[in-house]
$ cat query20.cif   # mmCIF, C-alpha atoms
data_data
loop_
_atom_site.label_atom_id
_atom_site.label_comp_id
_atom_site.auth_asym_id
_atom_site.auth_seq_id
_atom_site.Cartn_x
_atom_site.Cartn_y
_atom_site.Cartn_z
CA MET K 1 -8.75 -23.03 24.11
CA ALA K 2 -9.56 -19.95 26.19
CA VAL K 3 -13.14 -18.76 26.01
CA LEU K 4 -13.62 -15.02 25.58
CA SER K 5 -16.18 -13.34 27.83
CA SER K 6 -19.13 -11.46 26.40
CA GLU K 7 -17.59 -8.24 27.75
CA THR K 8 -14.50 -8.88 25.61
CA LEU K 9 -16.58 -9.41 22.49
CA LEU K 10 -19.09 -6.58 22.82
CA PRO K 11 -18.65 -3.40 20.76
CA SER K 12 -18.46 0.02 22.37
CA ALA K 13 -21.85 1.25 23.61
CA ALA K 14 -21.59 4.23 21.24
CA PRO K 15 -19.67 4.42 17.96
CA VAL K 16 -15.98 5.17 18.47
CA ARG K 17 -15.23 8.78 17.59
CA PHE K 18 -12.14 11.01 17.69
CA VAL K 19 -13.50 14.00 15.76
CA ALA K 20 -16.92 15.64 16.09
CA GLU K 21 -19.02 16.80 13.13
CA ASP K 22 -17.58 20.31 13.38
CA GLY K 23 -13.98 19.08 13.21
CA SER K 24 -13.23 19.55 16.91
CA ARG K 25 -11.79 16.82 19.09
CA ALA K 26 -14.17 14.26 20.62
CA GLY K 27 -13.20 11.96 23.46
CA GLU K 28 -15.35 8.95 22.61
CA HIS K 29 -12.56 6.58 21.61
CA GLY K 30 -11.70 4.55 24.70
CA ALA K 31 -8.29 2.96 24.56
CA TYR K 32 -7.79 3.34 20.80
CA GLY K 33 -4.63 5.19 19.84
CA GLU K 34 -4.76 8.14 17.47
CA PRO K 35 -3.04 7.49 14.11
CA ALA K 36 0.08 9.53 13.37
CA GLY K 37 -0.36 12.94 11.76
CA GLU K 38 1.36 11.95 8.51
CA ARG K 39 -0.98 8.99 8.06
CA LEU K 40 -3.96 11.24 8.62
CA LYS K 41 -2.65 13.71 6.07
CA GLU K 42 -2.22 10.85 3.59
CA ALA K 43 -5.78 9.76 4.34
CA TYR K 44 -6.96 13.28 3.55
CA ARG K 45 -5.03 13.34 0.27
CA LEU K 46 -6.53 10.03 -0.79
CA MET K 47 -10.02 11.13 0.23
CA VAL K 48 -9.67 14.24 -1.96
CA LEU K 49 -8.47 12.02 -4.81
CA GLY K 50 -11.23 9.48 -4.18
CA ARG K 51 -14.00 12.05 -4.18
CA ARG K 52 -12.81 13.56 -7.45
CA PHE K 53 -12.55 10.08 -8.94
CA ASP K 54 -16.09 9.31 -7.81
CA VAL K 55 -17.47 12.50 -9.38
CA GLN K 56 -15.61 11.78 -12.61
CA ALA K 57 -16.82 8.19 -12.80
CA THR K 58 -20.40 9.34 -12.23
CA ALA K 59 -20.04 11.83 -15.11
CA LEU K 60 -18.65 9.10 -17.38
CA THR K 61 -21.84 7.06 -16.95
CA LYS K 62 -23.84 10.01 -18.28
CA GLN K 63 -21.51 10.14 -21.28
CA GLY K 64 -22.01 6.45 -22.03
CA ARG K 65 -18.43 5.51 -21.16
CA LEU K 66 -19.49 3.39 -18.20
CA ALA K 67 -22.46 1.05 -18.13
CA VAL K 68 -23.12 1.73 -14.46
CA TYR K 69 -21.38 3.30 -11.49
CA PRO K 70 -22.29 2.85 -7.80
CA SER K 71 -21.11 6.03 -6.08
CA SER K 72 -19.51 5.92 -2.64
CA ALA K 73 -19.79 9.68 -2.06
CA GLY K 74 -19.94 10.30 1.68
CA GLN K 75 -18.16 7.05 2.46
CA GLU K 76 -14.62 8.18 1.64
CA ALA K 77 -13.40 7.82 5.23
CA CYS K 78 -14.34 4.14 5.20
CA GLN K 79 -12.97 3.52 1.71
CA VAL K 80 -9.58 5.10 2.32
CA ALA K 81 -9.12 3.75 5.85
CA ALA K 82 -9.76 0.20 4.59
CA ALA K 83 -6.91 0.58 2.11
CA LEU K 84 -4.50 2.28 4.53
CA ALA K 85 -5.05 -0.25 7.31
CA LEU K 86 -3.63 -3.06 5.16
CA GLU K 87 -0.05 -3.95 4.30
CA THR K 88 0.88 -4.85 0.72
CA ARG K 89 0.90 -8.53 1.69
CA ASP K 90 -2.71 -8.38 2.89
CA TRP K 91 -5.80 -9.03 0.78
CA LEU K 92 -8.77 -6.73 0.14
CA PHE K 93 -12.16 -8.17 -0.83
CA PRO K 94 -14.28 -5.31 -2.24
CA THR K 95 -17.87 -4.97 -3.37
CA TYR K 96 -19.08 -3.15 -6.47
CA ARG K 97 -19.31 0.10 -4.44
CA ASP K 98 -15.68 0.10 -3.31
CA SER K 99 -13.88 1.55 -6.33
CA VAL K 100 -12.43 4.38 -4.24
CA ALA K 101 -10.84 1.84 -1.89
CA LEU K 102 -9.15 0.23 -4.89
CA VAL K 103 -7.86 3.58 -6.11
CA ALA K 104 -6.56 4.31 -2.60
CA ARG K 105 -4.76 0.97 -2.65
CA GLY K 106 -2.94 2.08 -5.80
CA LEU K 107 -4.79 0.31 -8.60
CA LYS K 108 -5.01 2.08 -11.95
CA PRO K 109 -8.40 3.76 -12.50
CA GLY K 110 -8.82 2.23 -15.95
CA GLU K 111 -8.41 -1.23 -14.44
CA VAL K 112 -10.77 -0.44 -11.57
CA LEU K 113 -13.53 0.69 -13.95
CA THR K 114 -13.14 -2.16 -16.43
CA LEU K 115 -15.89 -4.22 -14.80
CA LEU K 116 -18.27 -1.26 -14.67
CA ARG K 117 -17.51 -0.47 -18.29
CA GLY K 118 -18.65 -3.92 -19.33
CA ASP K 119 -15.29 -5.20 -20.55
CA ALA K 120 -14.17 -8.76 -19.89
CA HIS K 121 -13.00 -9.96 -16.47
CA CYS K 122 -12.33 -7.76 -13.45
CA GLY K 123 -9.76 -5.46 -15.05
CA TYR K 124 -6.75 -6.18 -12.85
CA ASN K 125 -4.67 -9.13 -11.69
CA PRO K 126 -5.95 -10.16 -8.23
CA VAL K 127 -2.80 -12.13 -7.40
CA GLU K 128 -0.46 -9.24 -8.21
CA THR K 129 -2.57 -6.59 -6.50
CA ARG K 130 -3.88 -8.75 -3.65
CA VAL K 131 -7.31 -7.34 -4.40
CA ALA K 132 -10.09 -9.79 -5.17
CA PRO K 133 -12.52 -8.99 -8.02
CA GLN K 134 -15.19 -6.48 -7.08
CA CYS K 135 -18.16 -8.56 -5.99
CA THR K 136 -21.68 -7.81 -7.21
CA PRO K 137 -23.65 -10.63 -5.50
CA LEU K 138 -24.16 -9.63 -1.88
CA ALA K 139 -21.91 -11.25 0.74
CA THR K 140 -20.37 -13.96 -1.45
CA GLN K 141 -16.97 -12.28 -1.10
CA THR K 142 -17.11 -12.83 2.68
CA LEU K 143 -16.79 -16.57 2.13
CA HIS K 144 -13.96 -16.01 -0.34
CA ALA K 145 -12.15 -13.82 2.20
CA VAL K 146 -12.51 -16.38 4.98
CA GLY K 147 -11.36 -19.24 2.77
CA LEU K 148 -8.29 -17.35 1.59
CA ALA K 149 -7.50 -16.12 5.12
CA HIS K 150 -7.72 -19.66 6.46
CA ALA K 151 -5.47 -20.91 3.66
CA MET K 152 -2.86 -18.24 4.41
CA GLN K 153 -3.09 -19.17 8.07
CA ARG K 154 -2.42 -22.85 7.29
CA ARG K 155 0.57 -21.90 5.14
CA GLY K 156 2.01 -19.78 7.92
CA GLU K 157 1.70 -16.51 6.00
CA ASP K 158 1.72 -13.29 8.00
CA ALA K 159 -1.24 -11.78 6.15
CA VAL K 160 -4.80 -10.64 6.78
CA ALA K 161 -7.92 -10.48 4.59
CA LEU K 162 -10.33 -7.55 4.90
CA ALA K 163 -13.82 -7.96 3.45
CA LEU K 164 -15.81 -4.81 2.67
CA ILE K 165 -19.54 -5.31 3.15
CA GLY K 166 -22.69 -3.21 2.93
CA ASP K 167 -25.49 -3.31 5.49
CA GLY K 168 -27.72 -5.17 3.03
CA ALA K 169 -25.19 -8.00 2.80
CA THR K 170 -25.58 -8.78 6.51
CA SER K 171 -29.04 -10.16 5.72
CA GLU K 172 -27.57 -12.81 3.43
CA GLY K 173 -26.85 -16.37 4.58
CA ASP K 174 -23.31 -16.23 3.18
CA PHE K 175 -22.45 -13.48 5.67
CA HIS K 176 -23.45 -15.61 8.63
CA GLU K 177 -21.70 -18.71 7.31
CA ALA K 178 -18.54 -16.69 6.84
CA LEU K 179 -18.64 -15.30 10.38
CA ASN K 180 -19.21 -18.74 11.86
CA PHE K 181 -16.36 -20.39 9.96
CA ALA K 182 -13.97 -17.50 10.63
CA ALA K 183 -14.69 -17.54 14.37
CA VAL K 184 -14.40 -21.32 14.75
CA PHE K 185 -11.07 -21.47 12.91
CA LYS K 186 -9.83 -18.07 14.14
CA ALA K 187 -9.15 -17.03 10.57
CA PRO K 188 -7.19 -13.76 10.19
CA VAL K 189 -10.01 -11.79 8.59
CA VAL K 190 -11.70 -8.45 9.29
CA PHE K 191 -15.32 -7.97 8.26
CA PHE K 192 -15.87 -4.25 7.65
CA VAL K 193 -19.54 -3.31 7.31
CA GLN K 194 -20.20 0.11 5.80
CA ASN K 195 -23.70 0.72 7.11
CA ASN K 196 -24.81 3.45 4.72
CA ARG K 197 -28.44 3.08 5.88
CA PHE K 198 -29.91 1.63 2.68
CA ALA K 199 -29.86 -1.72 0.87
CA ILE K 200 -30.80 -0.15 -2.47
CA SER K 201 -34.18 1.27 -1.35
CA VAL K 202 -34.66 -0.69 1.89
CA PRO K 203 -33.80 1.41 4.98
CA PHE K 204 -31.74 -0.10 7.76
CA GLU K 205 -34.73 -0.13 10.13
CA LYS K 206 -36.48 -2.64 7.85
CA GLN K 207 -33.41 -4.86 7.50
CA SER K 208 -32.51 -5.61 11.10
CA ALA K 209 -33.97 -5.29 14.59
CA ALA K 210 -30.49 -5.21 16.12
CA ALA K 211 -29.42 -2.04 17.91
CA ALA K 212 -26.36 -2.08 15.68
CA LEU K 213 -24.99 -4.59 13.18
CA ALA K 214 -21.81 -4.80 15.25
CA TYR K 215 -23.71 -6.84 17.84
CA LYS K 216 -24.10 -9.68 15.34
CA GLY K 217 -20.50 -10.70 15.99
CA ILE K 218 -21.03 -11.79 19.59
CA GLY K 219 -23.38 -14.60 18.51
CA TYR K 220 -20.44 -16.23 16.74
CA GLY K 221 -17.88 -15.63 19.49
CA MET K 222 -16.24 -12.84 17.52
CA ARG K 223 -14.83 -9.56 18.74
CA SER K 224 -16.88 -6.64 17.39
CA GLU K 225 -16.77 -2.85 17.25
CA GLN K 226 -18.78 0.08 15.92
CA VAL K 227 -17.32 3.36 14.72
CA ASP K 228 -18.43 6.72 13.35
CA GLY K 229 -17.89 6.02 9.66
CA ASN K 230 -17.60 9.71 8.78
CA ASP K 231 -14.71 10.22 11.20
CA ALA K 232 -11.61 9.18 9.25
CA VAL K 233 -9.42 9.32 12.37
CA ALA K 234 -11.69 6.91 14.23
CA VAL K 235 -12.17 4.54 11.30
CA LEU K 236 -8.43 4.26 10.72
CA ALA K 237 -7.74 3.76 14.43
CA VAL K 238 -10.35 1.01 14.76
CA LEU K 239 -9.32 -0.79 11.55
CA ASP K 240 -5.64 -0.59 12.51
CA ASP K 241 -6.49 -2.31 15.77
CA ALA K 242 -8.75 -4.90 14.11
CA VAL K 243 -6.10 -5.83 11.53
CA LYS K 244 -3.48 -6.10 14.30
CA HIS K 245 -5.82 -8.35 16.31
CA ALA K 246 -6.37 -10.67 13.34
CA ARG K 247 -2.70 -10.69 12.35
CA GLU K 248 -1.64 -11.75 15.83
CA GLY K 249 -3.78 -14.88 15.58
CA LYS K 250 -6.44 -13.70 18.02
CA GLY K 251 -9.27 -14.33 15.58
CA PRO K 252 -11.53 -12.35 13.26
CA VAL K 253 -13.11 -8.98 13.99
CA LEU K 254 -16.43 -7.48 12.88
CA VAL K 255 -16.41 -3.69 12.50
CA GLU K 256 -19.51 -1.65 11.67
CA ALA K 257 -19.07 1.90 10.38
CA HIS K 258 -22.09 4.21 10.64
CA THR K 259 -22.09 6.29 7.47
CA TYR K 260 -24.43 7.33 4.65
CA ARG K 261 -24.79 6.92 0.90
CA ILE K 262 -25.16 10.49 -0.37
CA ASP K 263 -25.93 9.64 -4.00
CA ALA K 264 -28.38 7.15 -5.43
CA HIS K 265 -27.70 3.41 -5.37
CA THR K 266 -26.39 3.68 -8.94
CA ASN K 267 -26.97 6.02 -11.87
CA ALA K 268 -29.99 3.81 -12.72
CA ASP K 269 -31.69 4.51 -9.37
CA ASP K 270 -34.05 7.31 -8.32
CA ALA K 271 -33.34 7.77 -4.61
CA THR K 272 -36.02 10.46 -4.23
CA ARG K 273 -38.61 7.68 -4.31
CA TYR K 274 -37.55 6.29 -0.93
CA ARG K 275 -35.81 9.09 1.02
CA ASP K 276 -36.33 12.81 1.45
CA ALA K 277 -34.02 15.71 0.70
CA GLU K 278 -33.81 16.79 4.35
CA GLU K 279 -32.26 13.49 5.34
CA VAL K 280 -29.62 13.76 2.60
CA ALA K 281 -28.90 17.39 3.52
CA LYS K 282 -28.34 16.40 7.14
CA TRP K 283 -25.74 13.83 6.17
CA ARG K 284 -24.05 16.21 3.74
CA GLU K 285 -23.32 18.37 6.78
CA ALA K 286 -21.49 15.40 8.29
CA ASP K 287 -19.13 15.32 5.29
CA PRO K 288 -16.12 13.15 6.26
CA LEU K 289 -13.73 15.06 4.00
CA LYS K 290 -14.59 18.48 5.42
CA ARG K 291 -14.50 17.09 8.96
CA LEU K 292 -10.99 15.72 8.53
CA GLU K 293 -9.76 18.88 6.80
CA THR K 294 -11.02 21.07 9.66
CA PHE K 295 -9.44 18.80 12.25
CA LEU K 296 -6.05 18.62 10.53
CA LYS K 297 -5.94 22.40 10.09
CA SER K 298 -6.79 22.96 13.74
CA GLU K 299 -3.94 20.61 14.71
CA ASN K 300 -1.50 22.39 12.35
CA LEU K 301 -1.11 19.17 10.38
CA LEU K 302 -2.46 20.56 7.10
CA GLN K 303 -1.70 23.90 5.41
CA ASP K 304 -3.70 25.82 2.82
CA ASN K 305 -1.04 25.32 0.14
CA GLU K 306 -1.23 21.55 0.69
CA ILE K 307 -5.02 21.62 0.34
CA ASP K 308 -4.62 23.47 -2.97
CA ARG K 309 -1.94 21.03 -4.14
CA PHE K 310 -4.01 17.96 -3.32
CA ALA K 311 -7.00 19.45 -5.16
CA ALA K 312 -4.84 20.23 -8.20
CA ASP K 313 -3.39 16.72 -8.19
CA ALA K 314 -6.93 15.32 -8.06
CA GLU K 315 -7.84 17.32 -11.18
CA VAL K 316 -4.84 15.90 -13.03
CA PHE K 317 -5.90 12.44 -11.90
CA ALA K 318 -9.45 13.06 -13.13
CA GLN K 319 -8.07 14.05 -16.53
CA SER K 320 -6.17 10.78 -16.71
CA VAL K 321 -9.39 8.90 -15.91
CA ARG K 322 -11.19 10.73 -18.73
CA ASP K 323 -8.38 10.06 -21.17
CA THR K 324 -8.34 6.35 -20.30
CA LEU K 325 -12.09 5.85 -20.49
CA ASN K 326 -12.56 7.95 -23.64
CA ALA K 327 -10.16 5.71 -25.55
CA GLU K 328 -11.90 2.85 -27.30
CA PRO K 329 -10.99 -0.50 -25.67
CA GLU K 330 -9.04 -3.05 -27.68
CA LEU K 331 -11.01 -6.24 -27.25
CA ASP K 332 -10.06 -9.79 -28.19
CA PRO K 333 -13.14 -11.99 -28.58
CA LEU K 334 -11.01 -15.11 -28.06
CA SER K 335 -10.14 -13.95 -24.54
CA LEU K 336 -13.63 -15.15 -23.64
CA PHE K 337 -12.12 -18.64 -23.31
CA ASP K 338 -8.90 -17.76 -21.49
CA HIS K 339 -9.98 -17.99 -17.86
CA VAL K 340 -12.76 -20.58 -17.82
CA TYR K 341 -10.63 -23.57 -16.80
CA ALA K 342 -6.95 -24.01 -15.96
CA GLU K 343 -6.95 -26.79 -18.58
CA PRO K 344 -9.55 -26.18 -21.32
CA THR K 345 -12.00 -29.01 -22.01
CA ARG K 346 -12.36 -30.48 -25.48
CA GLN K 347 -15.74 -28.79 -25.83
CA LEU K 348 -14.26 -25.41 -24.92
CA GLU K 349 -11.39 -25.87 -27.36
CA ALA K 350 -13.89 -26.76 -30.09
CA GLN K 351 -15.93 -23.62 -29.35
CA ARG K 352 -12.79 -21.50 -29.43
CA ALA K 353 -11.76 -22.99 -32.79
CA ALA K 354 -15.23 -22.36 -34.21
CA LEU K 355 -15.15 -18.71 -33.15
CA GLU K 356 -11.61 -18.29 -34.46
CA ALA K 357 -12.65 -19.67 -37.85
CA GLU K 358 -15.66 -17.36 -37.96
CA LEU K 359 -13.51 -14.32 -37.15
CA GLU K 360 -11.06 -15.23 -39.93
CA ALA K 361 -13.82 -15.79 -42.50
#

$ encode --input "query20.cif" --output "structure tokens"
Amino acid sequence: MAVLSSETLLPSAAPVRFVAEDGSRAGEHGAYGEPAGERLKEAYRLMVLGRRFDVQATALTKQGRLAVYPSSAGQEACQVAAALALETRDWLFPTYRDSVALVARGLKPGEVLTLLRGDAHCGYNPVETRVAPQCTPLATQTLHAVGLAHAMQRRGEDAVALALIGDGATSEGDFHEALNFAAVFKAPVVFFVQNNRFAISVPFEKQSAAAALAYKGIGYGMRSEQVDGNDAVAVLAVLDDAVKHAREGKGPVLVEAHTYRIDAHTNADDATRYRDAEEVAKWREADPLKRLETFLKSENLLQDNEIDRFAADAEVFAQSVRDTLNAEPELDPLSLFDHVYAEPTRQLEAQRAALEAELEA
């Protein structure tokens, strides 16, 4: 087996970037190819939709329709690019903060928010959607992604798994075990770290002494890259390349996106206790949605009437989210037993019968 040199594995010295903060072109992208204009316009449409969805979901928590909602405001470029970089045959392994990625992949909003509403199970069929359940424990989904990717590889399937990860998850042992296994077996998996600078209240500087999380890949013999996570063009270009690399059997890829969590960790968090308003204001100016809009307009790829249409469509979508979540769920208490074992044990069947008798009494 050929051994890759450290130069082959190392990420770019600076985050890959196609578009500067003001929407003008930037030439910091090396050999990466620029995605086609129509794909970028689709990314913009989905980012508009995703942001409106995020705002609506946040409002629903205040109305008591959701138990909790972890906003991904400011991370739309990462969320949408992760969905667009995959084919329908590929698998996505999201965290609890990646609802916008699921919406961008085409899942119904009511199904996406089922978990956060407190209903049973994950809300959608993972096998049909090729989207794993949103994972709350940090980094455990990385092992699931590697295991499934390795299984698909052994079956000869032409498919890739992409695991979405936060910066806090890179401090977990599961993350390192997953990277090691994936690199040794050259599993077709992409680890996509959205470094939004905080693991709840712990800033990145107190999580890792590494210059960038992307450098963690080289220790496992894995190709790595870092990208400006608020530049949708760059994120899509880098993820396209990473997915292609994994699909061609060249091994896994670790990608770190430098971005920021604009809102609090969840609606139950008070972010003012651990970061100041000036820092948040600075990152608001680096808005990925505005940056992409300015770029597309300057390239004559996006017209004002299309911007208006996408915004109107997002409002219609938000109304559908409200209608779905304002309807009372129809719950079946017996469904509690449906997905515990493929073949229920005698004890489980006895418990189900006891509950059924109590409900009928």

$ atom_distance --input "query20.cif" --atom1 "CA of Thr61 in chain K" --atom2 "CA of Ser201 in chain K"
20.7 Å

$ resolve_selection --input "query20.cif" --expression "the PyMOL selection byres ((chain K and resi 54-57) around 8)" --output "ChimeraX atom specification"
/K:50-53,58-61,66,69,71-73,100,318,321-322

$ atom_distance --input "query20.cif" --atom1 "CA of Tyr341 in chain K" --atom2 "CA of Thr136 in chain K"
21.5 Å

$ residues_around --input "query20.cif" --residues "Gly33 in chain K" --least-positions-apart "5" --cutoff "12 Å" --atoms "only C-alpha atoms" --output "number ranges by chain"
K: 16-18, 27-28, 233-241

$ closest_residue --input "query20.cif" --among "K:Val255, K:Ala178, K:Thr140, K:Ala159" --to "Asn195 in chain K" --atoms "all atoms listed in the file"
K:Val255

$ closest_residue --input "query20.cif" --among "K:Arg273, K:Arg130, K:Arg105, K:Lys62" --to "Phe93 in chain K" --atoms "only C-alpha atoms"
K:Arg130

$ residues_near_point --input "query20.cif" --point "(-32.4, 3.8, -14.4)" --cutoff "12 Å" --atoms "only C-alpha atoms" --output "list in words"
Thr61, Lys62, Ala67, Val68, Tyr69, Ala264, His265, Thr266, Asn267, Ala268, Asp269, Asp270 and Ala271 of chain K

$ atom_distance --input "query20.cif" --atom1 "CA of Glu330 in chain K" --atom2 "CA of Leu107 in chain K"
19.8 Å

$ residues_around --input "query20.cif" --residues "range 95-97 of chain K" --least-positions-apart "6" --cutoff "6 Å" --atoms "all atoms listed in the file" --output "ChimeraX atom specification"
/K:70,134-136

$ closest_residue --input "query20.cif" --among "K:Val340, K:Val190, K:Leu138, K:Ala232" --to "Gln75 in chain K" --atoms "only C-alpha atoms"
K:Ala232

$ axis_aligned_box --input "query20.cif" --around "range 195-207 of chain K" --padding-each-side "6 Å" --output "AutoDock Vina command-line options"
--center_x -30.1 --center_y -0.7 --center_z 3.8 --size_x 24.8 --size_y 20.3 --size_z 24.6

$ closest_residue --input "query20.cif" --among "K:Gln141, K:Gly249, K:Val184, K:Asp167" --to "Ala210 in chain K" --atoms "all atoms listed in the file"
K:Asp167

$ resolve_selection --input "query20.cif" --expression "the PyMOL selection byres ((chain K and resi 331) around 12)" --output "PyMOL selection string"
chain K and resi 114+118-121+328-330+332-336

$ write_last_selection --input "query20.cif" --atoms "C-alpha atoms" --output "PDB file, keeping the file's coordinate frame"
ATOM      1  CA  THR K 114     -13.140  -2.160 -16.430  1.00  0.00           C
ATOM      2  CA  GLY K 118     -18.650  -3.920 -19.330  1.00  0.00           C
ATOM      3  CA  ASP K 119     -15.290  -5.200 -20.550  1.00  0.00           C
ATOM      4  CA  ALA K 120     -14.170  -8.760 -19.890  1.00  0.00           C
ATOM      5  CA  HIS K 121     -13.000  -9.960 -16.470  1.00  0.00           C
ATOM      6  CA  GLU K 328     -11.900   2.850 -27.300  1.00  0.00           C
ATOM      7  CA  PRO K 329     -10.990  -0.500 -25.670  1.00  0.00           C
ATOM      8  CA  GLU K 330      -9.040  -3.050 -27.680  1.00  0.00           C
ATOM      9  CA  ASP K 332     -10.060  -9.790 -28.190  1.00  0.00           C
ATOM     10  CA  PRO K 333     -13.140 -11.990 -28.580  1.00  0.00           C
ATOM     11  CA  LEU K 334     -11.010 -15.110 -28.060  1.00  0.00           C
ATOM     12  CA  SER K 335     -10.140 -13.950 -24.540  1.00  0.00           C
ATOM     13  CA  LEU K 336     -13.630 -15.150 -23.640  1.00  0.00           C
TER      14      LEU K 336
END

$ resolve_selection --input "query20.cif" --expression "the PyMOL selection byres ((chain K and resi 9) around 10)" --output "compact mmCIF listing (two decimals) with C-alpha atoms, in the frame of the given file"
# COMPACT_ATOMS: atom_id res chain seq x y z
CA LEU K 4 -13.62 -15.02 25.58
CA SER K 5 -16.18 -13.34 27.83
CA SER K 6 -19.13 -11.46 26.40
CA GLU K 7 -17.59 -8.24 27.75
CA THR K 8 -14.50 -8.88 25.61
CA LEU K 10 -19.09 -6.58 22.82
CA PRO K 11 -18.65 -3.40 20.76
CA SER K 12 -18.46 0.02 22.37
CA TYR K 215 -23.71 -6.84 17.84
CA GLY K 217 -20.50 -10.70 15.99
CA ILE K 218 -21.03 -11.79 19.59
CA GLY K 219 -23.38 -14.60 18.51
CA TYR K 220 -20.44 -16.23 16.74
CA GLY K 221 -17.88 -15.63 19.49
CA MET K 222 -16.24 -12.84 17.52
CA ARG K 223 -14.83 -9.56 18.74
CA SER K 224 -16.88 -6.64 17.39
CA GLU K 225 -16.77 -2.85 17.25
CA VAL K 253 -13.11 -8.98 13.99
CA LEU K 254 -16.43 -7.48 12.88

$ closest_residue --input "query20.cif" --among "K:Glu343, K:Glu306, K:Glu21, K:Glu87" --to "Asp231 in chain K" --atoms "all atoms listed in the file"
K:Glu21

$ residues_near_point --input "query20.cif" --point "(-16.1, 12.6, 1.8)" --cutoff "10 Å" --atoms "only C-alpha atoms" --output "ChimeraX atom specification"
/K:44,47-48,50-52,72-80,230-232,262,284,286-292

$ closest_residue --input "query20.cif" --among "K:Ala281, K:Leu296, K:Ala161, K:Ala151" --to "Arg261 in chain K" --atoms "all atoms listed in the file"
K:Ala281

$ residues_around --input "query20.cif" --residues "Thr324 in chain K" --least-positions-apart "4" --cutoff "10 Å" --atoms "all atoms listed in the file" --output "list in words"
Lys108, Pro109, Gly110, Glu111, Leu113, Ala318, Gln319, Ser320, Glu328 and Pro329 of chain K
